[in-house]
Amino acid sequence: MSSDLRWFAFVILGLLSLATVAGVLGAWLSRSDKARGAAADANSRLLAWWFLAGSILGAAWLGQTALAVLFGLASFCALREFVSIHRTRKGDHRALFLAFFVVLPLQYVFVALPWYGMFTIFIPVWAFLLLTARAAVAGDTTRFLERIAKVQFGLLFCVYALSHVAAIPQLTPKPEDGIALLCWFLAVVQLSDVFQWVWGKALGRMKLAPTLSPNKTWGGLIGGILTATAIGAALYWMTPFSPGRAAAFAAGACFLGVLGGLVMSAIKRDAGVKDWGASLGGHGGVLDRVDGLAFAAPVFFHVARWVLGQGL
Amino acid sequence: MIALLIRLLSGVQTRWVGVEPAVRPRVYFANHLSNLDLPVLWAALPPAIRRRAQPVAARDYWTMTPVHHWLATRVFHAELIERKAITHENNPLRQMEAIIDRGNALVIFPEGRRNTSDDGDLLPFKPGIWHLARNRPEVELVPTLLDNLNRILPRGEWLPVPIMASVTFGAPLRLGEGESREAFLERCTAALASLADNREEA
């Protein structure tokens with residue numbers, strides 16, 4: 001672990017400790033049932049943050065392979081949540097088995113190798129053609145296009161897009177620098193989420209997308225993205241970028257993160273659920289936590305690759 | 001230990017709607033989707049209830065291999081019953097009544113076989129549940145809806161897909177005064193089916 005990353009780990013764990021002390025005090029001092037409920041909700045989210053930060057910093061310390069395994073597991077949980085709420089039929093069974101146990105692990109093997117030419121096309125080309133063919137051979141034509149579209153979207157979003165996070169360390173010549181860049185990216189996108197929530201509580205008036213996410217407001221969006229951009233610029237020393245470029249990348253990643261959240265909200269509303277699951281207390285499911293990352297990661301990866309001059 | 005593993009692998013979510021978990025003789029009657037139903041339902045019960053619960057399982061399936069037999073009798077404490085050639089000596093009803101008389105809870109699948117219909121409509125219930133309700137009127141009958149298990153391991157497949165299952169326990173039923181067999185079976189079916197409607201709204 002580079003010294004940059006060690007500093008970053010200290011800061012993150014320090015912030016979490018502060019928040020935990022505040023959370024415990026808050027729960028202790030709250031008098032009304034409502035305040036107690038809010039404190040319990042905040043503390044269950046905080047516990048999940050400890051878990052997430054701990055596993056990511058632990059994997060970052062172990063290196064690139066550990067990060068690929070960690071995000072492979074995240075993809076597995078996310079895809080599981082995605083497929084579970086959609087009505088698939090018996091004819092999809094073999095294709096789903098291949099998606100979970102062949103396509104997903106292979107994608108992360110290609111990321112970890114790293115085999116750029118393969119992991120960028122494996123799911124859009126190979127998995128797309130082979131899995132739809134597998135579903136067709138099963139012979140059930142009821143709602144066929146809708147069913148294969150769901151499997152393909154699940155794979156593209158939960159596995160293909162999300163796997164680009166684990167590919168970020170390849171952007172720099174030295175892997176340690178790349179792991180620091182990955183931590184910077186995760187911190188910026190996740191903090192943008194947190195600050196959108198904070199600013200939304202503070203000055204939320206105008207609804208951003210009332211039919212999709214009733215809790216999102218313009219005030220929260222702008223405040224959250226500006227705050228996360230400032231943090232991204234202040235942490236520029238973790239990246240290969242100048243402070244100005246770091247700010248631009250941070251703003252772009254946060255904006256895409258918001259779009260990812262909106263897309264997944266639309267799918268959740270369509271399927272009639274509020275959260276993807278309940279595995280991360282307070283946050284919902286794994287997919288609720290990674291929806292922004294999955295949208296931001298591929299764009300960040302390819303633009304950064306271009307900017308860092310590894311060719312078009 | 002095994003229960004924890006099954007819960008983890010099936011990602012099962014347990015909901016108690018209109019009934020509280022309690023350690024007492026009860027009949028949990030569930031829809032039947034997959035060979036995984038029995039292990040998952042068993043694992044979804046709270047430990048204290050699980051220790052005093054005995055599922056009823058088909059002898060022909062659960063004695064197929066020594067592993068099946070070991071799981072059924074040693075792990076799930078299942079009562080193996082005959083599905084064919086029922087005589088006075090091996091009448092499954094006597095075995096079920098004996099479980100209740102021992103003070104244990106009973107888990108049954110009144111559809112009698114795995115339901116493979118696409119629309120999710122329940123198969124007609126076997127009359128055993130009515131006989132139970134009549135012979136042991138003090139026992140609560142708890143409708144138990146299993147969901148998604150047919151997607152994890154459909155009939156005729158042997159590779160499981162890691163979809164998350166759910167188990168919903170509903171408000172208990174009892175046999176009404178002078179209620180006919182048809183009316184009671186219909187009421188049980190409706191109670192189980194209504195849990196599916198709850199799920200759609202949730």
# chains A, B, ... in the order shown; residues from 1 in each chain; ligands from 1
call {"tool": "residues_around", "arguments": {"residues": "range 240-246 of chain A", "least_positions_apart": "4", "cutoff": "10 Å", "atoms": "only C-alpha atoms", "output": "count of residues only"}}
result
22
call {"tool": "closest_atom_pairs", "arguments": {"of": "chain B", "to": "chain A", "cutoff": "12 Å", "atoms": "only C-alpha atoms", "output": "CSV"}}
result
residue,atom,partner,partner_atom,distance
B:Leu8,CA,A:Ser279,CA,11.0
B:Leu9,CA,A:Arg80,CA,11.2
B:Ser10,CA,A:Arg80,CA,10.5
B:Gly11,CA,A:Arg80,CA,9.2
B:Val12,CA,A:Ser279,CA,11.0
B:Gln13,CA,A:Ala278,CA,9.0
B:Thr14,CA,A:Ala278,CA,11.6
B:Thr116,CA,A:Lys90,CA,9.4
B:Ser117,CA,A:Lys90,CA,10.5
B:Asp118,CA,A:Arg89,CA,7.9
B:Asp119,CA,A:Arg89,CA,10.6
B:Gly120,CA,A:Arg87,CA,11.4
B:Asp147,CA,A:Ser84,CA,10.3
B:Asn148,CA,A:Ser84,CA,7.8
B:Leu149,CA,A:Ser84,CA,10.5
B:Asn150,CA,A:Lys90,CA,8.3
B:Arg151,CA,A:Lys90,CA,6.9
B:Ile152,CA,A:His93,CA,8.2
B:Leu153,CA,A:His93,CA,8.4
B:Pro154,CA,A:Lys90,CA,6.8
B:Arg155,CA,A:Lys90,CA,9.0
B:Gly156,CA,A:Lys90,CA,10.0
B:Glu157,CA,A:His93,CA,8.4
B:Trp158,CA,A:Arg94,CA,10.2
B:Leu159,CA,A:Phe97,CA,7.3
B:Pro160,CA,A:Phe97,CA,7.2
B:Val161,CA,A:Phe97,CA,5.4
B:Pro162,CA,A:Arg80,CA,6.4
B:Ile163,CA,A:Ser84,CA,5.2
B:Met164,CA,A:Ser84,CA,5.7
B:Ala165,CA,A:Ser84,CA,8.0
B:Ser166,CA,A:Ser84,CA,10.2
B:Arg199,CA,A:Val273,CA,10.4
B:Glu200,CA,A:Gly272,CA,7.9
B:Glu201,CA,A:Gly272,CA,7.8
B:Ala202,CA,A:Val273,CA,7.3
call {"tool": "atom_distance", "arguments": {"atom1": "CA of Leu16 in chain A", "atom2": "CA of Ile56 in chain A"}}
result
14.0 Å
call {"tool": "residues_around", "arguments": {"residues": "range 90-93 of chain B", "least_positions_apart": "4", "cutoff": "8 Å", "atoms": "only C-alpha atoms", "output": "PyMOL selection string"}}
result
chain B and resi 81-82+86+97+128+131-132
call {"tool": "write_last_selection", "arguments": {"atoms": "N, CA and C atoms", "output": "PDB file, in the first residue's frame"}}
result
ATOM      1  N   ILE B  81     -43.313 -40.574   4.410  1.00  0.00           N
ATOM      2  CA  ILE B  81     -44.624 -41.187   4.206  1.00  0.00           C
ATOM      3  C   ILE B  81     -44.697 -41.825   2.818  1.00  0.00           C
ATOM      4  N   GLU B  82     -45.600 -42.777   2.697  1.00  0.00           N
ATOM      5  CA  GLU B  82     -45.833 -43.429   1.414  1.00  0.00           C
ATOM      6  C   GLU B  82     -46.749 -42.545   0.573  1.00  0.00           C
ATOM      7  N   ILE B  86     -51.286 -47.041  -0.147  1.00  0.00           N
ATOM      8  CA  ILE B  86     -51.572 -46.722   1.252  1.00  0.00           C
ATOM      9  C   ILE B  86     -52.431 -47.843   1.856  1.00  0.00           C
ATOM     10  N   GLU B  97     -50.583 -37.171  12.822  1.00  0.00           N
ATOM     11  CA  GLU B  97     -51.223 -36.946  14.126  1.00  0.00           C
ATOM     12  C   GLU B  97     -50.255 -37.250  15.253  1.00  0.00           C
ATOM     13  N   GLY B 128     -55.956 -34.554   3.113  1.00  0.00           N
ATOM     14  CA  GLY B 128     -55.305 -34.847   4.392  1.00  0.00           C
ATOM     15  C   GLY B 128     -55.381 -33.710   5.390  1.00  0.00           C
ATOM     16  N   HIS B 131     -58.663 -33.738   7.221  1.00  0.00           N
ATOM     17  CA  HIS B 131     -58.704 -34.770   8.254  1.00  0.00           C
ATOM     18  C   HIS B 131     -57.924 -34.334   9.489  1.00  0.00           C
ATOM     19  N   LEU B 132     -56.751 -33.736   9.261  1.00  0.00           N
ATOM     20  CA  LEU B 132     -55.942 -33.245  10.376  1.00  0.00           C
ATOM     21  C   LEU B 132     -56.694 -32.204  11.182  1.00  0.00           C
TER      22      LEU B 132
END
call {"tool": "select_by_dssp", "arguments": {"residues": "range 9-243 of chain A", "states": "strand (DSSP E or B)", "output": "NGL selection string"}}
result
:A and (207-209 or 213-217)
call {"tool": "atom_distance", "arguments": {"atom1": "CA of His68 in chain B", "atom2": "CA of Pro55 in chain B"}}
result
14.2 Å
call {"tool": "select_by_dssp", "arguments": {"residues": "range 55-144 of chain A", "states": "helix (DSSP H, G or I)", "output": "PyMOL selection string"}}
result
chain A and resi 55-62+64-84+90-112+116-119+122-137+144
call {"tool": "write_last_selection", "arguments": {"atoms": "C-alpha atoms", "output": "short mmCIF file (atom, residue, chain, number, x, y, z; two decimals), in the first residue's frame"}}
result
data_model
loop_
_atom_site.label_atom_id
_atom_site.label_comp_id
_atom_site.auth_asym_id
_atom_site.auth_seq_id
_atom_site.Cartn_x
_atom_site.Cartn_y
_atom_site.Cartn_z
CA SER A 55 -13.74 -4.51 2.58
CA ILE A 56 -12.60 -2.03 -0.08
CA LEU A 57 -9.56 -0.80 1.88
CA GLY A 58 -8.70 -4.38 2.78
CA ALA A 59 -8.87 -5.43 -0.87
CA ALA A 60 -6.89 -2.34 -1.94
CA TRP A 61 -4.19 -3.33 0.55
CA LEU A 62 -4.09 -6.87 -0.87
CA GLN A 64 -5.55 -5.80 -7.86
CA THR A 65 -6.62 -9.44 -7.75
CA ALA A 66 -8.37 -8.96 -4.42
CA LEU A 67 -10.19 -5.94 -5.86
CA ALA A 68 -11.35 -8.01 -8.85
CA VAL A 69 -12.64 -10.71 -6.47
CA LEU A 70 -14.41 -8.12 -4.31
CA PHE A 71 -16.15 -6.45 -7.25
CA GLY A 72 -16.90 -9.88 -8.70
CA LEU A 73 -18.80 -10.65 -5.49
CA ALA A 74 -20.55 -7.28 -5.66
CA SER A 75 -21.58 -8.04 -9.25
CA PHE A 76 -22.83 -11.45 -8.17
CA CYS A 77 -25.02 -9.95 -5.42
CA ALA A 78 -26.25 -7.16 -7.71
CA LEU A 79 -27.14 -9.55 -10.55
CA ARG A 80 -28.85 -11.83 -8.07
CA GLU A 81 -31.00 -8.95 -6.83
CA PHE A 82 -31.73 -7.82 -10.38
CA VAL A 83 -32.82 -11.25 -11.63
CA SER A 84 -34.77 -12.10 -8.47
CA LYS A 90 -38.12 -22.04 -17.02
CA GLY A 91 -36.69 -21.54 -20.51
CA ASP A 92 -34.27 -18.97 -19.08
CA HIS A 93 -32.82 -21.34 -16.52
CA ARG A 94 -29.76 -22.55 -18.43
CA ALA A 95 -28.98 -19.07 -19.75
CA LEU A 96 -29.17 -17.69 -16.21
CA PHE A 97 -26.91 -20.43 -14.93
CA LEU A 98 -24.35 -19.50 -17.60
CA ALA A 99 -24.70 -15.80 -16.75
CA PHE A 100 -24.01 -16.33 -13.03
CA PHE A 101 -21.40 -19.08 -13.10
CA VAL A 102 -19.61 -18.71 -16.43
CA VAL A 103 -19.97 -15.19 -17.85
CA LEU A 104 -19.57 -13.32 -14.56
CA PRO A 105 -16.39 -15.11 -13.35
CA LEU A 106 -14.82 -14.99 -16.83
CA GLN A 107 -15.45 -11.24 -17.12
CA TYR A 108 -13.54 -10.66 -13.87
CA VAL A 109 -10.78 -13.06 -14.91
CA PHE A 110 -10.33 -10.97 -18.07
CA VAL A 111 -10.30 -7.79 -15.95
CA ALA A 112 -7.76 -9.22 -13.53
CA TYR A 116 -8.25 -5.17 -22.24
CA GLY A 117 -9.23 -6.44 -25.69
CA MET A 118 -11.39 -9.16 -24.14
CA PHE A 119 -13.04 -7.64 -21.07
CA PHE A 122 -16.78 -10.16 -23.81
CA ILE A 123 -20.31 -9.41 -22.59
CA PRO A 124 -21.52 -7.14 -25.43
CA VAL A 125 -20.37 -9.62 -28.08
CA TRP A 126 -19.86 -13.16 -26.76
CA ALA A 127 -22.34 -13.29 -23.90
CA PHE A 128 -24.94 -11.37 -25.90
CA LEU A 129 -24.91 -13.79 -28.81
CA LEU A 130 -24.42 -17.04 -26.91
CA LEU A 131 -26.93 -16.45 -24.11
CA THR A 132 -29.72 -15.30 -26.43
CA ALA A 133 -29.05 -18.35 -28.58
CA ARG A 134 -29.20 -20.56 -25.47
CA ALA A 135 -32.57 -19.08 -24.50
CA ALA A 136 -33.90 -19.58 -28.06
CA VAL A 137 -32.81 -23.22 -28.11
CA PHE A 144 -39.11 -13.90 -25.46
#
